[in-house]
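> Please find one structure pasted underneath; my questions will follow.
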Amino acid sequence: MKVDRAAIDEASKKLSNWQRWGADDQIGTLNNVSPQDIIDAGRLIRKGKVFALGLSLKEPIQSGLFGGRWNPIHTMLATGTDAAAGNQDEPFPYLRYADDAINMPCQASTQWDALCHVFIDDKMYNGFDASLVDVRGAKKNGIEHVRDKMVGRGVLLDIARFKGVDSLDDGYAVTIGDLNACAAAQNVEVRKGDFVIVRTGHQERCLSKGDWSGYAGGAAPGFAFETCYWLREKDIAAICSDTWGCEVRPNETNEANQPWHWVVIPAIGISMGEIFYLKELAADCAEDRVYEFFFSAPPLHLPGGAGSPINPQAIK
């Protein structure tokens with residue numbers, strides 16, 4: 001399909017979930033997850049095998065292409081060498097310890113985008129005004145509203161393995177046809193309320209080369225704009241990927257930066273997870289041919305946050 005500002009506006013109107021769950025709703029498509037869905041997801045745990053889907057915070061993925069973000073800075077405040085040297089014996093002797101701090105943007109590594117993260121025509125999800133997000137944080141759609149909602153049935157769509165490659169090429173647009181064909185080949189059904197995770201192999205390519213240049217904001221495989229219609233049709237809870245920004249880059253239009261984001265977050269109100277580490281999970285799914293699992297990925301309790309770092313868990 002042709003992607004331009006008119007297509008963005010058309011999709012944002014056709015696919016809008018504004019008012020669907022009430023005028024005050026601030027969790028969007030996470031409303032699609034029922035208590036029974038969570039109970040059923042728990043029954044998917046059969047092996048007791050846990051996969052951590054958070055990328056190491058020591059990976060320097062922020063290469064400067066996208067302004068304003070830096071790599072996490074881990075600082076030791078107290079160390080074992082301090083203790084051994086006796087530097088911790090005053091004023092309270094015999095308590096010897098290590099302590100540390102971390103300084104990072106909320107979206108510098110594996111993370112959720114909050115529903116206040118992206119605006120369309122100066123509005124965020126459910127019609128709230130963009131001005132409600134100021135220097136003190138978001139008064140609407142902050143990440144804290146989903147802190148007890150990120151749990152349910154997870155589904156992995158391993159597009160790279162389905163295509164027979166280690167990694168999709170930069171600029172490869174994952175289409176609706178790709179998503180449906182991959183699900184069919186894996187014999188897994190994408191259902192309402194699912195947390196769908198898509199593997200492109202892009203992150204693993206960077207890890208294997210030890211080269212993150214271009215990962216954050218550069219060319220990458222990702223979702224074609226048309227898939228916003230698939231997300232709304234499937235009524236899933238959240239969409240996640242191993243790439244920096246989920247959608248294909250270069251973008252399919254010069255009339256908007258990240259056009260898919262313009263529709264998916266503020267219009268549909270879907271939670272988006274980015275920079276997911278999927279290597280071990282994907283290998284296990286390929287081995288046992290089971291692509292569904294119990295999924296949990298709570299954000300930090302950060303009132304007014306536009307995003308949150310996470311260490312998601314897939315349990316099979």
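Letters for chains follow the order of the structure tokens (A, B, ...), residue numbers begin at 1 for each chain, and ligand numbers begin at 1 in the order shown.
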Can you pull out every residue within 6 Å of A:Asn141, counting only C-alpha atoms, but drop anything in the same chain fewer than 3 positions away, and send it as a list of chain:residue names?

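Those residues are A:Gln26, A:Leu115, A:Cys116.
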
> Residues of stretch 32-189 of chain A in helix (DSSP H, G or I) according to DSSP, as a PyMOL selection string?

chain A and resi 32+35-42+80-84+125-127+130-132+143-146+159-162+176-186

> Selection from above, N, CA and C atoms, as a CSV table (one decimal), in the first residue's frame, can you write it?


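What landed in result-v4.csv:
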chain,number,residue,atom,x,y,z
A,32,ASN,N,-7.8,-6.2,26.5
A,32,ASN,CA,-8.2,-7.5,25.8
A,32,ASN,C,-7.8,-8.7,26.6
A,35,PRO,N,-9.1,-12.1,33.0
A,35,PRO,CA,-8.5,-13.0,34.0
A,35,PRO,C,-8.4,-14.5,33.6
A,36,GLN,N,-9.4,-14.9,32.8
A,36,GLN,CA,-9.3,-16.3,32.3
A,36,GLN,C,-8.2,-16.5,31.3
A,37,ASP,N,-7.8,-15.5,30.5
A,37,ASP,CA,-6.7,-15.6,29.6
A,37,ASP,C,-5.4,-15.8,30.4
A,38,ILE,N,-5.3,-15.1,31.6
A,38,ILE,CA,-4.1,-15.3,32.4
A,38,ILE,C,-4.0,-16.7,33.0
A,39,ILE,N,-5.2,-17.2,33.5
A,39,ILE,CA,-5.2,-18.5,34.0
A,39,ILE,C,-4.8,-19.5,33.0
A,40,ASP,N,-5.4,-19.4,31.8
A,40,ASP,CA,-5.1,-20.3,30.7
A,40,ASP,C,-3.6,-20.2,30.3
A,41,ALA,N,-3.0,-19.0,30.3
A,41,ALA,CA,-1.6,-18.8,30.0
A,41,ALA,C,-0.7,-19.6,31.0
A,42,GLY,N,-1.2,-19.6,32.3
A,42,GLY,CA,-0.4,-20.3,33.3
A,42,GLY,C,-0.3,-21.8,33.0
A,80,GLY,N,34.1,-4.0,47.1
A,80,GLY,CA,34.8,-4.9,48.0
A,80,GLY,C,36.2,-4.4,48.3
A,81,THR,N,36.8,-3.7,47.3
A,81,THR,CA,38.1,-3.1,47.5
A,81,THR,C,38.1,-2.0,48.6
A,82,ASP,N,37.0,-1.3,48.6
A,82,ASP,CA,36.8,-0.3,49.7
A,82,ASP,C,36.8,-1.0,51.1
A,83,ALA,N,36.0,-2.1,51.1
A,83,ALA,CA,35.8,-2.8,52.3
A,83,ALA,C,37.2,-3.4,52.8
A,84,ALA,N,37.9,-4.0,51.9
A,84,ALA,CA,39.2,-4.6,52.3
A,84,ALA,C,40.2,-3.6,52.7
A,125,TYR,N,-3.2,8.7,23.0
A,125,TYR,CA,-4.3,7.6,23.1
A,125,TYR,C,-5.5,8.1,23.9
A,126,ASN,N,-6.6,7.8,23.3
A,126,ASN,CA,-8.0,8.1,23.9
A,126,ASN,C,-8.3,9.6,23.9
A,127,GLY,N,-7.6,10.3,23.0
A,127,GLY,CA,-7.9,11.7,22.9
A,127,GLY,C,-7.4,12.7,23.9
A,130,ALA,N,-1.8,16.3,24.2
A,130,ALA,CA,-0.3,16.1,24.4
A,130,ALA,C,0.2,17.0,25.5
A,131,SER,N,-0.4,18.1,25.7
A,131,SER,CA,0.1,19.0,26.7
A,131,SER,C,0.0,18.5,28.1
A,132,LEU,N,-0.7,17.4,28.3
A,132,LEU,CA,-0.8,16.7,29.6
A,132,LEU,C,0.5,16.0,30.0
A,143,ILE,N,3.2,5.2,32.2
A,143,ILE,CA,3.6,3.7,32.2
A,143,ILE,C,3.0,3.1,33.5
A,144,GLU,N,2.8,3.8,34.6
A,144,GLU,CA,2.4,3.2,35.8
A,144,GLU,C,1.0,2.5,35.7
A,145,HIS,N,0.2,2.9,34.7
A,145,HIS,CA,-1.1,2.4,34.6
A,145,HIS,C,-1.1,0.9,34.1
A,146,VAL,N,0.0,0.5,33.6
A,146,VAL,CA,0.1,-0.9,33.1
A,146,VAL,C,1.0,-1.8,33.9
A,159,ILE,N,10.1,-14.8,12.3
A,159,ILE,CA,10.0,-14.5,10.8
A,159,ILE,C,11.4,-14.9,10.2
A,160,ALA,N,12.5,-14.6,10.9
A,160,ALA,CA,13.8,-14.8,10.3
A,160,ALA,C,13.9,-16.3,10.0
A,161,ARG,N,13.7,-17.2,11.0
A,161,ARG,CA,13.8,-18.6,10.8
A,161,ARG,C,12.8,-19.1,9.8
A,162,PHE,N,11.6,-18.6,9.8
A,162,PHE,CA,10.6,-19.0,8.8
A,162,PHE,C,11.1,-18.7,7.4
A,176,ILE,N,1.7,-8.4,6.4
A,176,ILE,CA,0.6,-9.2,7.0
A,176,ILE,C,0.7,-10.6,6.5
A,177,GLY,N,1.0,-10.8,5.2
A,177,GLY,CA,1.2,-12.1,4.6
A,177,GLY,C,2.3,-12.9,5.3
A,178,ASP,N,3.4,-12.2,5.6
A,178,ASP,CA,4.5,-12.8,6.4
A,178,ASP,C,4.1,-13.3,7.7
A,179,LEU,N,3.4,-12.4,8.5
A,179,LEU,CA,2.9,-12.8,9.8
A,179,LEU,C,2.0,-14.0,9.8
A,180,ASN,N,1.0,-14.0,8.9
A,180,ASN,CA,0.0,-15.1,8.8
A,180,ASN,C,0.7,-16.4,8.3
A,181,ALA,N,1.6,-16.3,7.4
A,181,ALA,CA,2.3,-17.5,6.9
A,181,ALA,C,3.2,-18.1,7.9
A,182,CYS,N,3.9,-17.2,8.7
A,182,CYS,CA,4.8,-17.7,9.7
A,182,CYS,C,4.0,-18.4,10.8
A,183,ALA,N,2.8,-17.8,11.2
A,183,ALA,CA,2.0,-18.5,12.2
A,183,ALA,C,1.5,-19.8,11.8
A,184,ALA,N,1.1,-19.9,10.5
A,184,ALA,CA,0.6,-21.1,9.9
A,184,ALA,C,1.7,-22.2,9.9
A,185,ALA,N,2.9,-21.8,9.5
A,185,ALA,CA,4.0,-22.7,9.4
A,185,ALA,C,4.4,-23.2,10.8
A,186,GLN,N,4.3,-22.4,11.8
A,186,GLN,CA,4.6,-22.8,13.2
A,186,GLN,C,3.4,-23.5,13.9

> I want to know what sits within 12 Å of A:Ile265, based on only C-alpha atoms, with residues of the same chain fewer than 2 positions away left out; could you give that as a PDB file with C-alpha atoms, in the first residue's frame?


ATOM      1  CA  SER A  12      -5.708   6.352  12.572  1.00  0.00           C
ATOM      2  CA  LEU A  15      -8.404   1.666  13.595  1.00  0.00           C
ATOM      3  CA  SER A  16      -8.979   4.014  16.521  1.00  0.00           C
ATOM      4  CA  ASN A  17      -9.836   2.509  19.904  1.00  0.00           C
ATOM      5  CA  TRP A  18     -10.642   5.897  21.461  1.00  0.00           C
ATOM      6  CA  GLN A  26      -5.401   4.540  30.011  1.00  0.00           C
ATOM      7  CA  ILE A  27      -4.338   0.949  29.218  1.00  0.00           C
ATOM      8  CA  GLY A  28      -5.642   0.499  25.674  1.00  0.00           C
ATOM      9  CA  THR A  29      -5.434  -2.967  24.168  1.00  0.00           C
ATOM     10  CA  TRP A 112       7.917  -0.801  26.915  1.00  0.00           C
ATOM     11  CA  ASP A 113       6.635   2.328  25.227  1.00  0.00           C
ATOM     12  CA  ALA A 114       3.906   3.931  27.324  1.00  0.00           C
ATOM     13  CA  LEU A 115       0.722   5.155  25.639  1.00  0.00           C
ATOM     14  CA  CYS A 116       1.881   8.744  26.229  1.00  0.00           C
ATOM     15  CA  HIS A 117       5.024   8.140  24.145  1.00  0.00           C
ATOM     16  CA  VAL A 118       3.724   9.117  20.689  1.00  0.00           C
ATOM     17  CA  PHE A 119       1.167  11.743  19.623  1.00  0.00           C
ATOM     18  CA  ILE A 120      -0.879  12.270  16.497  1.00  0.00           C
ATOM     19  CA  LYS A 123      -3.278  14.057  20.867  1.00  0.00           C
ATOM     20  CA  MET A 124      -2.295  10.841  22.605  1.00  0.00           C
ATOM     21  CA  TYR A 125      -4.271   7.647  23.070  1.00  0.00           C
ATOM     22  CA  ASN A 126      -7.955   8.081  23.893  1.00  0.00           C
ATOM     23  CA  GLY A 127      -7.933  11.731  22.852  1.00  0.00           C
ATOM     24  CA  ASN A 141      -1.319   7.369  29.874  1.00  0.00           C
ATOM     25  CA  CYS A 228      -1.307  -1.835  11.841  1.00  0.00           C
ATOM     26  CA  LEU A 231      -2.867  -5.630  14.915  1.00  0.00           C
ATOM     27  CA  ARG A 232      -6.351  -4.129  15.136  1.00  0.00           C
ATOM     28  CA  ALA A 237      -2.628  -7.016  23.838  1.00  0.00           C
ATOM     29  CA  ALA A 238       0.883  -5.969  22.815  1.00  0.00           C
ATOM     30  CA  ILE A 239       3.399  -6.201  19.996  1.00  0.00           C
ATOM     31  CA  GLN A 258       8.014   6.300  12.199  1.00  0.00           C
ATOM     32  CA  PRO A 259       4.535   6.424  10.555  1.00  0.00           C
ATOM     33  CA  TRP A 260       3.465   3.042  11.985  1.00  0.00           C
ATOM     34  CA  HIS A 261       4.042   4.442  15.482  1.00  0.00           C
ATOM     35  CA  TRP A 262       1.680   7.316  14.690  1.00  0.00           C
ATOM     36  CA  VAL A 263      -1.188   4.840  14.342  1.00  0.00           C
ATOM     37  CA  ALA A 267      -4.846   5.520  17.760  1.00  0.00           C
ATOM     38  CA  ILE A 268      -4.972   1.787  18.517  1.00  0.00           C
ATOM     39  CA  GLY A 269      -3.556   2.170  22.020  1.00  0.00           C
ATOM     40  CA  ILE A 270      -1.355  -0.899  21.808  1.00  0.00           C
ATOM     41  CA  SER A 271       1.574  -1.484  24.130  1.00  0.00           C
ATOM     42  CA  MET A 272       4.837  -1.808  22.197  1.00  0.00           C
ATOM     43  CA  GLY A 273       7.933  -3.649  23.382  1.00  0.00           C
ATOM     44  CA  ALA A 306       6.780   7.573  28.874  1.00  0.00           C
TER      45      ALA A 306
END

> Rank A:Cys106, A:Val165, A:Val174, A:Ala216 by their smallest atom-to-atom distance to A:Ser63, using only C-alpha atoms, and report the top residue only.

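Ranked by minimum distance to A:Ser63, first place goes to A:Ala216.
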
> Which residue out of A:Leu281, A:Tyr94, A:Met1, A:Val133 has the minimum interatomic distance to A:Ala224 when only C-alpha atoms are used?

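Residue with the minimum atom-to-atom distance to A:Ala224: A:Met1.
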
> Which distance in Å separates atom CA of A:Ala52 and atom CA of A:Gln313, to one decimal?

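Computing the Euclidean distance for atom CA of A:Ala52 and atom CA of A:Gln313 yields 4.9 Å.
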
> As a list in words, please: the residues near A:Met76 (cut-off 9 Å, only C-alpha atoms, same-chain neighbours under 3 positions excluded).

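My list of contacting residues is Thr79, Ala98, Asp99, Asp100, Ala101 and Ile102 of chain A.
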
> If you run DSSP on the backbone, which residues of stretch 17-224 of chain A are strand (DSSP E or B), as a ChimeraX atom specification?

/A:50-52,54,73-78,99-103,111-113,120,123,129,133-134,137-138,151-158,173-174,195-199,220,222-223

> Using only C-alpha atoms, can you tell me which of A:Pro266, A:Gly245, A:Gly152, A:Gly142 comes closest to A:Gly193?

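Result for the nearest residue to A:Gly193: A:Gly152.
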
> Taking only C-alpha atoms into account, name the residue in A:Gly164, A:Pro312, A:Gly154, A:Pro60 that is nearest to A:Asp211.

A:Pro60

> Neighbours of A:Asp242 within 7 Å (only C-alpha atoms; same-chain residues fewer than 3 positions away dropped), as a list of chain:residue names?

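The neighbour list is A:Arg199, A:Thr200, A:His202, A:Gln203, A:Glu274, A:Ile275, A:Phe276, A:Tyr277, A:Leu278.
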
> Would you save the residues of that selection, restricted to all heavy atoms, as a JSON list (two decimals), in the first residue's frame?


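Output below, filename selection.json:
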[["chain", "number", "residue", "atom", "x", "y", "z"],
["A", 199, "ARG", "N", 10.50, -12.03, 15.87],
["A", 199, "ARG", "CA", 11.96, -12.08, 15.73],
["A", 199, "ARG", "C", 12.37, -11.82, 14.29],
["A", 199, "ARG", "O", 11.95, -12.53, 13.38],
["A", 199, "ARG", "CB", 12.49, -13.45, 16.18],
["A", 199, "ARG", "CG", 14.00, -13.62, 16.00],
["A", 199, "ARG", "CD", 14.48, -14.97, 16.51],
["A", 199, "ARG", "NE", 15.89, -15.18, 16.19],
["A", 199, "ARG", "CZ", 16.32, -15.80, 15.08],
["A", 199, "ARG", "NH1", 15.45, -16.28, 14.21],
["A", 199, "ARG", "NH2", 17.61, -15.93, 14.86],
["A", 200, "THR", "N", 13.24, -10.82, 14.12],
["A", 200, "THR", "CA", 13.81, -10.52, 12.81],
["A", 200, "THR", "C", 15.25, -11.00, 12.70],
["A", 200, "THR", "O", 15.78, -11.13, 11.60],
["A", 200, "THR", "CB", 13.81, -9.01, 12.54],
["A", 200, "THR", "OG1", 14.78, -8.37, 13.39],
["A", 200, "THR", "CG2", 12.43, -8.40, 12.76],
["A", 202, "HIS", "N", 17.73, -9.18, 13.71],
["A", 202, "HIS", "CA", 18.57, -7.99, 13.60],
["A", 202, "HIS", "C", 19.48, -7.81, 14.81],
["A", 202, "HIS", "O", 20.69, -7.56, 14.68],
["A", 202, "HIS", "CB", 17.68, -6.76, 13.42],
["A", 202, "HIS", "CG", 18.43, -5.49, 13.17],
["A", 202, "HIS", "ND1", 17.97, -4.26, 13.58],
["A", 202, "HIS", "CD2", 19.62, -5.25, 12.58],
["A", 202, "HIS", "CE1", 18.84, -3.32, 13.23],
["A", 202, "HIS", "NE2", 19.85, -3.90, 12.63],
["A", 203, "GLN", "N", 18.91, -7.96, 16.00],
["A", 203, "GLN", "CA", 19.71, -7.77, 17.21],
["A", 203, "GLN", "C", 20.82, -8.82, 17.32],
["A", 203, "GLN", "O", 21.95, -8.49, 17.69],
["A", 203, "GLN", "CB", 18.81, -7.84, 18.45],
["A", 203, "GLN", "CG", 19.54, -7.54, 19.74],
["A", 203, "GLN", "CD", 18.65, -7.76, 20.95],
["A", 203, "GLN", "OE1", 18.81, -8.73, 21.67],
["A", 203, "GLN", "NE2", 17.70, -6.87, 21.17],
["A", 274, "GLU", "N", 10.17, -3.11, 22.68],
["A", 274, "GLU", "CA", 11.27, -3.01, 21.72],
["A", 274, "GLU", "C", 12.57, -3.56, 22.32],
["A", 274, "GLU", "O", 12.72, -3.63, 23.54],
["A", 274, "GLU", "CB", 11.46, -1.56, 21.29],
["A", 274, "GLU", "CG", 10.25, -1.01, 20.54],
["A", 274, "GLU", "CD", 10.24, 0.49, 20.40],
["A", 274, "GLU", "OE1", 10.86, 1.19, 21.24],
["A", 274, "GLU", "OE2", 9.59, 0.99, 19.46],
["A", 275, "ILE", "N", 13.48, -3.96, 21.45],
["A", 275, "ILE", "CA", 14.83, -4.39, 21.82],
["A", 275, "ILE", "C", 14.79, -5.69, 22.64],
["A", 275, "ILE", "O", 15.59, -5.91, 23.54],
["A", 275, "ILE", "CB", 15.60, -3.27, 22.55],
["A", 275, "ILE", "CG1", 15.34, -1.91, 21.88],
["A", 275, "ILE", "CG2", 17.10, -3.54, 22.58],
["A", 275, "ILE", "CD1", 15.98, -0.72, 22.60],
["A", 276, "PHE", "N", 13.84, -6.58, 22.35],
["A", 276, "PHE", "CA", 13.74, -7.85, 23.06],
["A", 276, "PHE", "C", 14.85, -8.80, 22.62],
["A", 276, "PHE", "O", 15.15, -8.92, 21.43],
["A", 276, "PHE", "CB", 12.38, -8.50, 22.80],
["A", 276, "PHE", "CG", 11.27, -8.03, 23.70],
["A", 276, "PHE", "CD1", 11.08, -6.67, 23.96],
["A", 276, "PHE", "CD2", 10.41, -8.94, 24.29],
["A", 276, "PHE", "CE1", 10.06, -6.24, 24.77],
["A", 276, "PHE", "CE2", 9.38, -8.52, 25.12],
["A", 276, "PHE", "CZ", 9.20, -7.16, 25.37],
["A", 277, "TYR", "N", 15.45, -9.47, 23.58],
["A", 277, "TYR", "CA", 16.50, -10.47, 23.31],
["A", 277, "TYR", "C", 15.82, -11.84, 23.16],
["A", 277, "TYR", "O", 15.20, -12.35, 24.10],
["A", 277, "TYR", "CB", 17.50, -10.50, 24.46],
["A", 277, "TYR", "CG", 18.53, -11.59, 24.34],
["A", 277, "TYR", "CD1", 19.60, -11.47, 23.45],
["A", 277, "TYR", "CD2", 18.44, -12.76, 25.10],
["A", 277, "TYR", "CE1", 20.54, -12.48, 23.31],
["A", 277, "TYR", "CE2", 19.37, -13.76, 24.98],
["A", 277, "TYR", "CZ", 20.42, -13.62, 24.09],
["A", 277, "TYR", "OH", 21.34, -14.62, 23.95],
["A", 278, "LEU", "N", 15.95, -12.46, 21.98],
["A", 278, "LEU", "CA", 15.13, -13.63, 21.66],
["A", 278, "LEU", "C", 15.90, -14.89, 21.28],
["A", 278, "LEU", "O", 15.29, -15.90, 20.96],
["A", 278, "LEU", "CB", 14.18, -13.27, 20.50],
["A", 278, "LEU", "CG", 13.25, -12.08, 20.75],
["A", 278, "LEU", "CD1", 12.43, -11.78, 19.50],
["A", 278, "LEU", "CD2", 12.33, -12.35, 21.94]]

> Of the candidates A:Ala23, A:Ser109, A:Cys246, A:Val50, which one gets nearest to A:Phe293 if we count only C-alpha atoms?

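Of all the options, A:Val50 lies closest to A:Phe293.
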
> Go ahead and compute the interatomic distance for atom CA of A:Cys206 and atom CA of A:Cys285, in Å to one decimal.

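Atom-to-atom, atom CA of A:Cys206 and atom CA of A:Cys285 are spaced 21.7 Å apart.
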
> What is the distance, in Å and to one decimal place, between atom CA of A:Lys2 and atom CA of A:Ala173?

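So the answer is 13.2 Å.
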
> Taking only C-alpha atoms into account, name the residue in A:Pro299, A:Gly171, A:Pro309, A:Gly68 that is nearest to A:Pro250.

A:Gly171
